[in-house]
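Participant: This structure is in C-alpha cells; I'll ask about it shortly.
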Amino acid sequence: MSRIYAGLCIHFLIATCALAIPLACFGDTPVDFVRDVQPILAEHCLHCHGADPDSRQSGLRLDIFEDAVRGGESGQPAIVPRDLHKGSFLERVLSNDDSTLMPPPEEKNPLSKSQITTLQKWIAQGAEYASHWAFVPPEKSVTRQSDLHPIDALVSNKLASMNLTFAPQAEPSILCRRIYLDIIGLPPTPKELEEFSRDGIEKTVRRLLASERYGEKWARPWLDLARYSDTNGYEKDLRRDQWIWRDWVIAAINRDQPYDQFIIEQIAGDLLPNATQEQIIATGFLRNSMLNEEGAIVPEQFRMFEMFDRMDCIGKAVMGLTTQCAQCHNHKFDPISQDGYYGLFAFLNNTYEAQSWVYDSAQQRELAQLRSDFAASDERVRAVRGNWVGELELFAQRLIDLQVAWTPIGFHQLESISGLNHPVQLSDRSILMLGHRSADVFFVAKGAWQGTTGLRLEVLPHRDLPFSGPGRTSTGSWDVLELEVLLRPPGSKEWNKQTLVHASADYSQPEQKLDDGKKSLGPVAYLIDGKDANAWKADRGNGRRNQASVAVVQFTQPLECPPDTEIKVVLRMKDMLGCCRLSLTTDSAPTAAPVDYEAVRAAAIPAASRTAEQQTALFAAWRKSVPELKALNDEIEAIWQRYPTAMTSVLHLAQRADVQRRETRVLLRGEWDQPIAEPVQPHVPVALHPMPSGQSADRLAFARWLVDARSPLAARVAVNRVWQAMFGDGLVETSDDFGTRAPVPEHRELLDWLAVDFMERGWSQKHLIEQIVLSKTYQQQGHTSNEILDRDPKNRWLARGPRFRADAEVVRDIALSVSGLITHRLGGPGILPPVPQNVLDYNYVYPDYWKPATGAQRYRRTVYGFRKRSMPDPVMSSFDGPNGDLSCARRSRSNTPLAALAGLNEPVFVEAAQALALRILRESIADDESRAKVGFLLCTARQPSELEVATILGLVAEQRQRVAEGWLNPREIATGDPAKLPELPGQCTPQDAAVWTLVARVLLNLDETISKN
C-alpha cells in the first residue's frame, strides 16, 4: 500500500507542477496544430470526442475549436486558450485519479510525457486550430534556389534543418538500371548501358517514356487498386473476360492520357457525349469487384457488397480516404458522415451491372460498313415505296389492333425448383432471375382466373443480364423446354395441371437436332409438347440475338375456377432465361403476332415518342411484311449474315433510366437490407470542395468533381502513388489514407508542389516521372552511413536514393529479360502460368481450363499473367503480389525463404536459368572467368569485382565436380529432360550447360538482381 500511495503522490506532484509551469517556459517556437497536435488528438481523443455524434462521450467534441472551448455536458470549457489552470481537458489528461484520467487507463493508450508537453505548449500559445492539411487545396511553394531542381530545392531545405546533405550521385550503371526498372520495369541490356553512357539521362528517360513497355510497367499499380482479376472470386471463382479493360489501362498510360480524363472515363465514360467503345470499356474499372455465383444467394445482397467495394476502391485510388469507415457509422476521425458516405454512394447506385461485346478495329470497320449498307438498303426501300410513312403507320395500327388485352400476373411466390435461385418481380411485373443459373423455376399467384383463355410469355432484355440477355448464357441466349400451368382451388392440397394448346411465337429458329439425335431446338410447339428433351429457342444470331421475344399458348377451354384459386406457372429451361413477364387474357383466340416482338412493342408508342431503335425495329417488321420487297429483304438478310463475332466482352457500367432509378438510403450499421430514414440524394461531403452549381447530380458530375482542380486530394494522391512506386514509400506513407490519422509527411511542401505542378502540366504522369528522375534527390546513391541508417531507416528524409526489392511481376520479368526468353507483345487474354498440381487439386472448383501456356506465349510479360482469385500464383504470392480480392494501394515487402525457393525452383525461373546459361555460353569466349563477368553483368547491369568473380568461379568449380562425379544429370539440369540434349554453342558440352544453369539460378536470385539496386 505504501508504494501505491507513494506512486500516487508522485503522480499528483508531477501533475501539479505541470499545471504550475509559467507560460514563458514554453518558449517562442510555435506548435503546428496539424503536424504536432492533430495526430495526438486523432490517436488518443477523437474516437470518443470527434465528429461522430453516435460515439461521442459526454457531449464533448475536441476537433472543432468552438466546441472545445464550450465544453461538454458538464458546462465547463474543455480548453481555455493561454490558460493552463482552467479547462477540463488538461485537468483530465493530468489527473491522478483513474476514474477521471484521460485517455481512460483501460484503453491502454496513455499519452507520453512529450505529447502532454506538446498539448500544454499548444494551449499556452493560444490553442489555435487549423484544417487538416490534406483537406486544404495544395499550393505551390517558391522553390528556386540558384540552379537547383525544384524537387531538390525543397528536399535540401528539409535536409539542412536535419544537418544532412544529399548523398553522392549513384554510379552510372546503377543509375541506368534504376531508371530502366522504374520506367519500363525491365533491366537494361549491355548495349543499352553503353547507350546510356553516350546519350545521358534526359535522352534515355524520354526514349523509355515513349516505349510501349512503359504502359505495361505502370499499369500494375492501377490494376492493384482496381482489384483486377481474370476470375469472379468467391466459391466458384469462374473465369471472366475482363482483359480488354486491362489493355485499355495500358494503352491509356502509354498515350499519357491526362490523369483527370483517365479517372472520368473509368467512372463515367459511358455518360460522355457520343461515348466510344473505348470509353465504355473504361468503366470496367468499377466492375472488377468479385461476383458471387453460389447457389441460394440473394443477388441484391451481393450487388450491395460490390457497391461497398466500389466505394472502398474510389476512396483508396482517387480520394486517399478510408471511406469504408463511414459505411456503418459517421467516420470517427475524418469529416465524412454516414449521410455523406451514402451521398457519394448514390452517385454510383443508379447503374446496371452490364456486360457488352467488344470488337477489334477491323470488326469495328466492318460494323461501320454494315451500318452504312443497312442505311443504303433502307433508303432504297423508301425510294421504292414512296408512301412508306403512311404504310408504316397503317402497319403499326394493324399491330395494335391485333393485340388483345393482357393482364400481367403479380406473383406472391417466386422460386427455383432447386432452391438455388431467388427470382424477384419488378414494378412492371417482369421477373428478373439473377444469381445462380438454376434452370427450372415456378411462380405462384392467387386471384380470380375465371374465363381465362390464354397465357403470354414475354422474354425480355435487361441490362443486368449478359449482353442485356434475355438469357443467362455466355452470349445472352436462352431456351425453354416446357411451359406448364397448374391450378389449386381454395382449400385443396392438389395441383391440377392444365392442358395447353396452339402455341405461337413471334419467332422460332429453324429446327436443330442436337448431337445425340434425341433432342431438338427450335419451334415454339416444343414449349408444350410434354417433352423435356425439346425446347423453344429464338436465337436470331449475331447482332439480333439479344432482343425481346414472345410466345402465346391457349387453354383447351376457358378456365373455370372459384376466386382465390392459386395459379402456378412452371418454366423448365436448359439455358436459363434472365427476364420474363407472364400475362393472362380472356380473348377468344389469342396468338402472337408473326413479327418481331420488338416491333409490336414499338407500335404501341406514338410515332413522335419512339426512339431510333424502336423506329428501326418497326420499320424492319413493316418492310418484311411487304411481298414486293422480298428481293430487298433478302439482300438485307444477307448483310446480317456478315455480322462479325465479337473479339471478347467486358463488364462495365450503364446508366439506369430515371423511371428505373434506385433509391439510396442510409443503412443501419451498414447492413444491406436495413435502410433507415428518407432517401439520400447524391451529394458530396461538406468538408470537401462543392460540386459546381447547375450540374446534374449524376455519375459524370461525380467523376468530374473527383478530379476538379479545386480538389485537395486527387492530385496529391496521384503523385504520392507515383512517388511510392519509385521510392518504395510515398511522401505520405499511408497512400490509401490522407486523413487525420495519417502521419504528417516530412516533405509536405514537396508533395504540394508536385501536386500543383502535375495539374499545371496537364495531369501528365510522364512529365511527373521525368521531373522526379531528373532530380538529384532521385539520382542519389542508395547506400549510406550506419549513422544515417539508424536515424532514418526508412529514408523518410530522402538523404539517399531508393533501394528495395522489385515488385513480384518485375522480379519475374527481370529473369525473363536477362535470359533472353521474354516475348514482347501488347495485350491479349491472360496467360496461364504453370502452378503445382496440388494447388490445382485443392481448388474448390477444379479449373479444367488450366493448361499452362507454351512456346513464346509462356514468356510474355507478367502483367499479362492470368490471375485467379482463389488460386493466386504461388510465385506472385511469395513476392507479395495481391490476389485481387480488395483494392490494394500499397504492397507489403517481405523477405522470406519462400521467395528464394520460388526464384530457385519455379518452372519459369528454372527455364530462365537454362536460357541464361546458354546465353552466357554464346556471348562469352571459352573460359569461365569471362562467362562469370558476362553473367553478372546481364543480371546486375554492372561489372563484378574481383572478389565477386572469384566467388562465382568457386561455385562453377564446385558444380563441375558434382557433375563429374555423377551426382547430377547434365541433360536434365540444362533442359529439364534427361533424354534431351540442349542446343549448344561452339565447342560447349552438356556439362558446361548444366554447370552454368546451376550458376545462373544463383545469379538470378542475387539480392542485387531482384532489387532496384
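Here, A, B, ... name the chains of the C-alpha cells in the order displayed, residue numbers run from 1 inside each chain, and ligands are numbered from 1 in the same displayed order.
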So that I can see what lies close to range 289-299 of chain A, please list as a CSV table (one decimal) with N, CA and C atoms, in the first residue's frame the residues with an atom at most 6 Å from it, counting only C-alpha atoms and leaving out residues fewer than 3 positions away in the same chain.

Facilitator:
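Once written, part.csv looks like this:
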chain,number,residue,atom,x,y,z
A,232,ASN,N,-14.0,-14.5,-61.0
A,232,ASN,CA,-15.0,-13.8,-60.3
A,232,ASN,C,-14.9,-13.8,-58.8
A,233,GLY,N,-14.1,-14.8,-58.3
A,233,GLY,CA,-13.9,-14.8,-56.8
A,233,GLY,C,-15.0,-15.7,-56.2
A,234,TYR,N,-15.0,-15.7,-54.8
A,234,TYR,CA,-15.9,-16.5,-54.0
A,234,TYR,C,-15.7,-18.0,-54.3
A,302,PHE,N,-25.4,-9.2,-52.7
A,302,PHE,CA,-24.0,-9.2,-53.2
A,302,PHE,C,-23.8,-8.0,-54.2
A,306,GLU,N,-20.8,-5.4,-53.7
A,306,GLU,CA,-20.0,-4.8,-54.8
A,306,GLU,C,-20.0,-3.3,-54.7
A,420,LEU,N,-32.0,-22.8,-55.6
A,420,LEU,CA,-30.7,-22.1,-55.7
A,420,LEU,C,-30.8,-20.7,-56.3
A,421,ASN,N,-32.0,-20.3,-56.7
A,421,ASN,CA,-32.2,-19.0,-57.3
A,421,ASN,C,-33.4,-18.3,-56.6
A,435,GLY,N,-28.2,-14.2,-60.0
A,435,GLY,CA,-27.6,-15.2,-59.1
A,435,GLY,C,-27.3,-16.5,-59.8
A,436,HIS,N,-27.6,-17.6,-59.1
A,436,HIS,CA,-27.2,-18.9,-59.6
A,436,HIS,C,-28.0,-19.2,-60.8

Participant: List the neighbours of Asp36 in chain A out to 10 Å using only C-alpha atoms; skip same-chain residues closer than 2 positions along the sequence, and give me the result as a JSON list (two decimals) with C-alpha atoms, in the first residue's frame.

Facilitator:
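Once written, selection19.json looks like this:
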[["chain", "number", "residue", "atom", "x", "y", "z"],
["A", 31, "VAL", "CA", 3.37, 24.47, -32.21],
["A", 32, "ASP", "CA", 1.93, 23.42, -35.56],
["A", 33, "PHE", "CA", -1.59, 22.13, -34.94],
["A", 34, "VAL", "CA", -1.71, 19.87, -38.00],
["A", 38, "GLN", "CA", -3.86, 16.83, -34.53],
["A", 39, "PRO", "CA", -2.11, 13.40, -34.65],
["A", 40, "ILE", "CA", -2.24, 13.28, -30.83],
["A", 41, "LEU", "CA", -5.94, 14.12, -30.74],
["A", 115, "GLN", "CA", 2.80, 14.50, -26.04],
["A", 118, "THR", "CA", 3.11, 19.45, -26.73],
["A", 119, "LEU", "CA", -0.53, 19.85, -25.70],
["A", 122, "TRP", "CA", -0.20, 24.42, -27.77],
["A", 744, "VAL", "CA", 2.13, 14.13, -41.43]]

Participant: Which parts of range 545-617 of chain A does DSSP call strand (DSSP E) when run on the backbone here, written out as number ranges by chain?

Facilitator: A: 549-555, 565-572, 579-585

Participant: Smallest atom-to-atom distance to Ala620 in chain A: which of A:Val686, A:Val595, A:Cys561, A:Leu460, using only C-alpha atoms?

Facilitator: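 Nearest to Ala620 in chain A: A:Val595.
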
Participant: From the set A:Leu651, A:Val249, A:Ala538, A:Leu632, which residue has the shortest atom-to-atom contact distance to Arg287 in chain A, counting only C-alpha atoms?

Facilitator: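 With only C-alpha atoms as the atom set, the closest residue is A:Leu651.
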
Participant: As a PyMOL selection string, please: all residues of range 779-853 of chain A that backbone DSSP puts in alpha helix (DSSP H).

Facilitator: chain A and resi 779+786-791+808-819+837-841

Participant: Write the residues of the selection above to a file with N, CA, C and O atoms, as a short mmCIF file (atom, residue, chain, number, x, y, z; two decimals), in the first residue's frame.

Facilitator:
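The resulting part.cif:
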data_model
loop_
_atom_site.label_atom_id
_atom_site.label_comp_id
_atom_site.auth_asym_id
_atom_site.auth_seq_id
_atom_site.Cartn_x
_atom_site.Cartn_y
_atom_site.Cartn_z
N GLN A 779 18.52 10.66 -58.01
CA GLN A 779 19.75 10.10 -58.55
C GLN A 779 20.81 9.78 -57.49
O GLN A 779 21.89 9.29 -57.82
N ASN A 786 26.02 4.12 -41.46
CA ASN A 786 25.22 3.47 -40.42
C ASN A 786 24.51 4.50 -39.54
O ASN A 786 23.41 4.26 -39.06
N GLU A 787 25.16 5.64 -39.34
CA GLU A 787 24.56 6.68 -38.50
C GLU A 787 23.25 7.17 -39.11
O GLU A 787 22.23 7.29 -38.42
N ILE A 788 23.27 7.44 -40.42
CA ILE A 788 22.04 7.92 -41.07
C ILE A 788 21.00 6.81 -41.14
O ILE A 788 19.80 7.05 -40.98
N LEU A 789 21.46 5.57 -41.34
CA LEU A 789 20.53 4.45 -41.34
C LEU A 789 19.83 4.34 -39.99
O LEU A 789 18.63 4.05 -39.92
N ASP A 790 20.59 4.54 -38.92
CA ASP A 790 19.98 4.48 -37.59
C ASP A 790 18.99 5.63 -37.37
O ASP A 790 17.93 5.45 -36.75
N ARG A 791 19.37 6.82 -37.86
CA ARG A 791 18.49 7.98 -37.66
C ARG A 791 17.25 7.93 -38.56
O ARG A 791 16.18 8.38 -38.17
N ALA A 808 6.70 -8.16 -57.48
CA ALA A 808 6.70 -9.56 -57.89
C ALA A 808 6.78 -9.71 -59.41
O ALA A 808 7.57 -10.51 -59.93
N GLU A 809 5.98 -8.92 -60.14
CA GLU A 809 5.97 -9.06 -61.60
C GLU A 809 7.31 -8.66 -62.20
O GLU A 809 7.76 -9.25 -63.19
N VAL A 810 7.93 -7.64 -61.62
CA VAL A 810 9.21 -7.17 -62.16
C VAL A 810 10.31 -8.20 -61.88
O VAL A 810 11.19 -8.41 -62.72
N VAL A 811 10.24 -8.87 -60.74
CA VAL A 811 11.22 -9.93 -60.45
C VAL A 811 11.17 -11.00 -61.53
O VAL A 811 12.20 -11.43 -62.06
N ARG A 812 9.99 -11.42 -61.89
CA ARG A 812 9.86 -12.44 -62.94
C ARG A 812 10.30 -11.89 -64.29
O ARG A 812 10.98 -12.56 -65.06
N ASP A 813 9.92 -10.63 -64.59
CA ASP A 813 10.30 -10.04 -65.87
C ASP A 813 11.80 -9.85 -65.99
O ASP A 813 12.36 -9.94 -67.09
N ILE A 814 12.46 -9.57 -64.87
CA ILE A 814 13.92 -9.46 -64.89
C ILE A 814 14.53 -10.78 -65.33
O ILE A 814 15.42 -10.83 -66.20
N ALA A 815 14.05 -11.87 -64.75
CA ALA A 815 14.58 -13.19 -65.10
C ALA A 815 14.34 -13.50 -66.58
O ALA A 815 15.23 -14.00 -67.28
N LEU A 816 13.14 -13.20 -67.07
CA LEU A 816 12.84 -13.46 -68.48
C LEU A 816 13.67 -12.57 -69.39
O LEU A 816 14.12 -13.01 -70.47
N SER A 817 13.89 -11.35 -68.97
CA SER A 817 14.61 -10.40 -69.81
C SER A 817 16.09 -10.75 -69.92
O SER A 817 16.64 -10.83 -71.02
N VAL A 818 16.76 -10.95 -68.78
CA VAL A 818 18.20 -11.19 -68.84
C VAL A 818 18.50 -12.54 -69.46
O VAL A 818 19.58 -12.75 -70.03
N SER A 819 17.54 -13.48 -69.41
CA SER A 819 17.77 -14.79 -70.03
C SER A 819 17.53 -14.78 -71.53
O SER A 819 17.92 -15.70 -72.24
N GLN A 837 0.64 -29.10 -59.23
CA GLN A 837 -0.59 -29.84 -59.37
C GLN A 837 -1.42 -29.82 -58.09
O GLN A 837 -2.65 -29.77 -58.13
N ASN A 838 -0.75 -29.84 -56.94
CA ASN A 838 -1.53 -29.86 -55.69
C ASN A 838 -2.29 -28.55 -55.48
O ASN A 838 -3.32 -28.52 -54.81
N VAL A 839 -1.80 -27.46 -56.06
CA VAL A 839 -2.54 -26.20 -55.99
C VAL A 839 -3.84 -26.32 -56.79
O VAL A 839 -4.91 -25.86 -56.36
N LEU A 840 -3.76 -26.95 -57.96
CA LEU A 840 -4.96 -27.17 -58.75
C LEU A 840 -5.92 -28.12 -58.05
O LEU A 840 -7.13 -27.91 -58.02
N ASP A 841 -5.37 -29.18 -57.46
CA ASP A 841 -6.21 -30.20 -56.83
C ASP A 841 -7.00 -29.66 -55.65
O ASP A 841 -8.11 -30.10 -55.38
#

Participant: Got a sec: who's within 12 Å of Arg207 in chain A, counting only C-alpha atoms, leaving out chain neighbours fewer than 6 positions off, as a list of chain:residue names?

Facilitator: A:Ile179, A:Tyr180, A:Ile183, A:Ile184, A:Glu192, A:Glu195, A:Phe196, A:Asp199, A:Gly200, A:Ile201, A:Arg213, A:Tyr214, A:Lys766, A:Glu770

Participant: Using only C-alpha atoms, which of the listed residues (A:Glu671, A:Glu393, A:Asp479, A:Asp992) sits closest to Met576 in chain A?

Facilitator: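 The closest residue to Met576 in chain A is A:Asp479.
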
Participant: Could you give me, as a ChimeraX atom specification, the residues within 9 Å of range 931-934 of chain A, counting only C-alpha atoms and dropping anything in the same chain fewer than 3 positions from it?

Facilitator: /A:920-921,923-928,937-939,943-944,948-950,952-953,956,996,999

Participant: I need the chosen residues saved as an mmCIF file, in the first residue's frame, with N, CA, C and O atoms.

Facilitator:
data_model
loop_
_atom_site.group_PDB
_atom_site.id
_atom_site.type_symbol
_atom_site.label_atom_id
_atom_site.label_comp_id
_atom_site.auth_asym_id
_atom_site.auth_seq_id
_atom_site.Cartn_x
_atom_site.Cartn_y
_atom_site.Cartn_z
ATOM 1 N N ILE A 920 24.924 -17.056 -71.769
ATOM 2 C CA ILE A 920 26.282 -16.813 -71.264
ATOM 3 C C ILE A 920 27.298 -17.538 -72.126
ATOM 4 O O ILE A 920 28.347 -16.976 -72.510
ATOM 5 N N LEU A 921 27.003 -18.789 -72.459
ATOM 6 C CA LEU A 921 27.933 -19.583 -73.268
ATOM 7 C C LEU A 921 28.058 -19.031 -74.680
ATOM 8 O O LEU A 921 29.130 -19.126 -75.295
ATOM 9 N N GLU A 923 27.677 -15.758 -75.517
ATOM 10 C CA GLU A 923 28.177 -14.389 -75.554
ATOM 11 C C GLU A 923 29.550 -14.221 -74.927
ATOM 12 O O GLU A 923 30.022 -13.088 -74.793
ATOM 13 N N SER A 924 30.163 -15.283 -74.492
ATOM 14 C CA SER A 924 31.497 -15.153 -73.901
ATOM 15 C C SER A 924 32.444 -16.131 -74.552
ATOM 16 O O SER A 924 32.036 -17.172 -75.071
ATOM 17 N N ILE A 925 33.739 -15.803 -74.517
ATOM 18 C CA ILE A 925 34.738 -16.728 -75.048
ATOM 19 C C ILE A 925 34.851 -17.923 -74.112
ATOM 20 O O ILE A 925 34.318 -17.921 -73.014
ATOM 21 N N ALA A 926 35.548 -18.932 -74.552
ATOM 22 C CA ALA A 926 35.505 -20.224 -73.860
ATOM 23 C C ALA A 926 36.375 -20.263 -72.614
ATOM 24 O O ALA A 926 37.309 -21.060 -72.512
ATOM 25 N N ASP A 927 36.125 -19.381 -71.658
ATOM 26 C CA ASP A 927 36.752 -19.544 -70.348
ATOM 27 C C ASP A 927 35.773 -19.055 -69.283
ATOM 28 O O ASP A 927 34.968 -18.149 -69.504
ATOM 29 N N ASP A 928 35.843 -19.680 -68.124
ATOM 30 C CA ASP A 928 34.840 -19.438 -67.087
ATOM 31 C C ASP A 928 34.910 -18.032 -66.513
ATOM 32 O O ASP A 928 33.886 -17.479 -66.092
ATOM 33 N N LEU A 937 27.094 -9.276 -65.342
ATOM 34 C CA LEU A 937 26.697 -8.030 -65.998
ATOM 35 C C LEU A 937 25.243 -8.100 -66.467
ATOM 36 O O LEU A 937 24.479 -7.141 -66.287
ATOM 37 N N LEU A 938 24.851 -9.224 -67.061
ATOM 38 C CA LEU A 938 23.480 -9.358 -67.531
ATOM 39 C C LEU A 938 22.477 -9.228 -66.385
ATOM 40 O O LEU A 938 21.418 -8.622 -66.538
ATOM 41 N N CYS A 939 22.812 -9.792 -65.230
ATOM 42 C CA CYS A 939 21.863 -9.823 -64.112
ATOM 43 C C CYS A 939 21.855 -8.537 -63.300
ATOM 44 O O CYS A 939 20.800 -8.156 -62.769
ATOM 45 N N GLN A 943 29.788 -4.408 -63.837
ATOM 46 C CA GLN A 943 30.893 -5.354 -63.841
ATOM 47 C C GLN A 943 31.148 -5.863 -62.417
ATOM 48 O O GLN A 943 31.066 -5.094 -61.463
ATOM 49 N N PRO A 944 31.446 -7.147 -62.280
ATOM 50 C CA PRO A 944 31.701 -7.673 -60.931
ATOM 51 C C PRO A 944 33.085 -7.280 -60.432
ATOM 52 O O PRO A 944 33.994 -7.003 -61.218
ATOM 53 N N GLU A 948 33.902 -10.899 -56.368
ATOM 54 C CA GLU A 948 32.669 -11.484 -56.891
ATOM 55 C C GLU A 948 32.962 -12.487 -57.992
ATOM 56 O O GLU A 948 32.349 -13.566 -58.059
ATOM 57 N N VAL A 949 33.946 -12.184 -58.853
ATOM 58 C CA VAL A 949 34.333 -13.148 -59.891
ATOM 59 C C VAL A 949 34.874 -14.419 -59.244
ATOM 60 O O VAL A 949 34.523 -15.545 -59.639
ATOM 61 N N ALA A 950 35.716 -14.245 -58.241
ATOM 62 C CA ALA A 950 36.289 -15.419 -57.570
ATOM 63 C C ALA A 950 35.201 -16.273 -56.923
ATOM 64 O O ALA A 950 35.256 -17.508 -56.954
ATOM 65 N N ILE A 952 32.070 -16.557 -57.902
ATOM 66 C CA ILE A 952 31.347 -17.272 -58.964
ATOM 67 C C ILE A 952 32.173 -18.445 -59.470
ATOM 68 O O ILE A 952 31.656 -19.560 -59.682
ATOM 69 N N LEU A 953 33.477 -18.220 -59.665
ATOM 70 C CA LEU A 953 34.327 -19.304 -60.153
ATOM 71 C C LEU A 953 34.394 -20.449 -59.150
ATOM 72 O O LEU A 953 34.469 -21.629 -59.532
ATOM 73 N N VAL A 956 31.345 -22.396 -59.765
ATOM 74 C CA VAL A 956 31.492 -23.164 -61.004
ATOM 75 C C VAL A 956 32.294 -24.439 -60.748
ATOM 76 O O VAL A 956 31.911 -25.541 -61.164
ATOM 77 N N TRP A 996 26.564 -24.134 -65.864
ATOM 78 C CA TRP A 996 26.196 -22.723 -65.926
ATOM 79 C C TRP A 996 24.699 -22.505 -65.687
ATOM 80 O O TRP A 996 24.287 -21.411 -65.270
ATOM 81 N N VAL A 999 24.717 -22.200 -61.980
ATOM 82 C CA VAL A 999 25.254 -20.886 -61.610
ATOM 83 C C VAL A 999 24.236 -19.787 -61.941
ATOM 84 O O VAL A 999 24.041 -18.843 -61.162
#

Participant: For Ala375 in chain A, list every protein, DNA or RNA residue within 12 Å, evaluated using only C-alpha atoms, and leave out those in the same chain fewer than 4 positions away; present the list as a short mmCIF file (atom, residue, chain, number, x, y, z; two decimals) with C-alpha atoms, in the first residue's frame.

Facilitator:
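Saved as result_17.cif:
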data_model
loop_
_atom_site.label_atom_id
_atom_site.label_comp_id
_atom_site.auth_asym_id
_atom_site.auth_seq_id
_atom_site.Cartn_x
_atom_site.Cartn_y
_atom_site.Cartn_z
CA ALA A 368 -19.46 0.69 -89.71
CA GLN A 369 -19.75 -0.74 -93.21
CA LEU A 370 -22.73 -2.85 -92.18
CA ARG A 371 -24.49 0.20 -90.75
CA GLU A 379 -33.09 4.23 -98.36
CA ARG A 380 -33.77 2.02 -101.40
CA VAL A 381 -36.88 0.71 -99.63
CA ARG A 382 -38.08 4.26 -99.06
CA THR A 616 -35.82 0.81 -86.74
CA PHE A 619 -39.54 -0.25 -90.00
CA ALA A 620 -37.83 -3.65 -90.37
CA ILE A 636 -30.69 -7.10 -96.06
CA ILE A 639 -25.99 -8.24 -94.82
#

Participant: Within 7 Å of range 886-893 of chain A, counting only C-alpha atoms, which residues show up once you throw out same-chain ones fewer than 5 positions away? Write them as an NGL selection string, please.

Facilitator: :A and (224-227 or 313 or 316-317 or 735-736 or 880)

Participant: Measuring between only C-alpha atoms, which one of A:Lys980, A:Leu821, A:Arg255, A:Arg805 shows the shortest distance to Gly855 in chain A?

Facilitator: A:Leu821

Participant: List every residue of range 285-345 of chain A that has an atom at most 10 Å from any atom of range 43-64 of chain A, giving for each one its closest atom pair and the distance in Å to one decimal, counting only C-alpha atoms, sorted by chain and then by ascending residue number, as a tab-separated table.

Facilitator:
residue	atom	partner	partner_atom	distance
A:Ala326	CA	A:Asp52	CA	9.7
A:His329	CA	A:Asp52	CA	7.5
A:Asn330	CA	A:Asp52	CA	5.0
A:His331	CA	A:Asp52	CA	6.3
A:Lys332	CA	A:His47	CA	5.4
A:Phe333	CA	A:Leu46	CA	6.2
A:Asp334	CA	A:Ala51	CA	7.5
A:Pro335	CA	A:Ala51	CA	6.7
A:Ile336	CA	A:Ala51	CA	8.5
A:Ser337	CA	A:Asp52	CA	7.3
A:Gln338	CA	A:Asp52	CA	9.0

Participant: Give me a file of those residues, with N, CA, C and O atoms, as a tab-separated table (two decimals), in the first residue's frame.

Facilitator:
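Listing of result17.tsv after writing:
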chain	number	residue	atom	x	y	z
A	326	ALA	N	-17.20	4.93	-43.00
A	326	ALA	CA	-18.49	5.61	-42.86
A	326	ALA	C	-19.64	4.78	-43.41
A	326	ALA	O	-20.78	5.26	-43.43
A	329	HIS	N	-21.18	3.93	-39.82
A	329	HIS	CA	-21.36	5.00	-38.83
A	329	HIS	C	-20.60	6.22	-39.32
A	329	HIS	O	-19.80	6.13	-40.26
A	330	ASN	N	-20.82	7.35	-38.71
A	330	ASN	CA	-20.03	8.52	-39.05
A	330	ASN	C	-18.56	8.22	-38.82
A	330	ASN	O	-18.19	7.57	-37.84
A	331	HIS	N	-17.71	8.68	-39.74
A	331	HIS	CA	-16.27	8.45	-39.61
A	331	HIS	C	-15.79	9.06	-38.29
A	331	HIS	O	-16.11	10.21	-37.97
A	332	LYS	N	-15.05	8.29	-37.53
A	332	LYS	CA	-14.65	8.75	-36.20
A	332	LYS	C	-13.50	9.77	-36.25
A	332	LYS	O	-13.23	10.43	-35.25
A	333	PHE	N	-12.82	9.87	-37.35
A	333	PHE	CA	-11.64	10.74	-37.39
A	333	PHE	C	-11.69	11.77	-38.51
A	333	PHE	O	-11.19	12.87	-38.35
A	334	ASP	N	-12.27	11.40	-39.65
A	334	ASP	CA	-12.30	12.31	-40.79
A	334	ASP	C	-13.71	12.85	-41.00
A	334	ASP	O	-14.69	12.22	-40.60
A	335	PRO	N	-13.84	14.00	-41.65
A	335	PRO	CA	-15.15	14.66	-41.78
A	335	PRO	C	-16.02	14.03	-42.86
A	335	PRO	O	-16.42	14.68	-43.82
A	336	ILE	N	-16.29	12.72	-42.71
A	336	ILE	CA	-17.19	12.01	-43.62
A	336	ILE	C	-18.29	11.39	-42.76
A	336	ILE	O	-18.05	10.42	-42.04
A	337	SER	N	-19.46	11.96	-42.81
A	337	SER	CA	-20.58	11.41	-42.06
A	337	SER	C	-21.15	10.21	-42.80
A	337	SER	O	-20.86	9.98	-43.98
A	338	GLN	N	-21.97	9.45	-42.11
A	338	GLN	CA	-22.62	8.32	-42.78
A	338	GLN	C	-23.53	8.82	-43.89
A	338	GLN	O	-23.60	8.22	-44.96

Participant: With distances taken over only C-alpha atoms, which residue among A:Tyr864, A:Leu571, A:Gln450, A:Val358 lies nearest Pro644 in chain A?

Facilitator: A:Val358

Participant: Quick one: residues within 12 Å of Trp406 in chain A, only C-alpha atoms counted, chain neighbours fewer than 4 positions away excluded, as a ChimeraX atom specification?

Facilitator: /A:452-458,552,581-587,590-592

Participant: Between A:Gln780, A:Gln961, A:Thr854, A:Ser1011, which has the minimum distance to Ala167 in chain A (counting only C-alpha atoms)?

Facilitator: A:Gln780

Participant: Take CA of Val626 in chain A and CA of Val553 in chain A and report the distance between them in Å, one decimal.

Facilitator: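 Pair CA of Val626 in chain A / CA of Val553 in chain A returns 27.3 Å.
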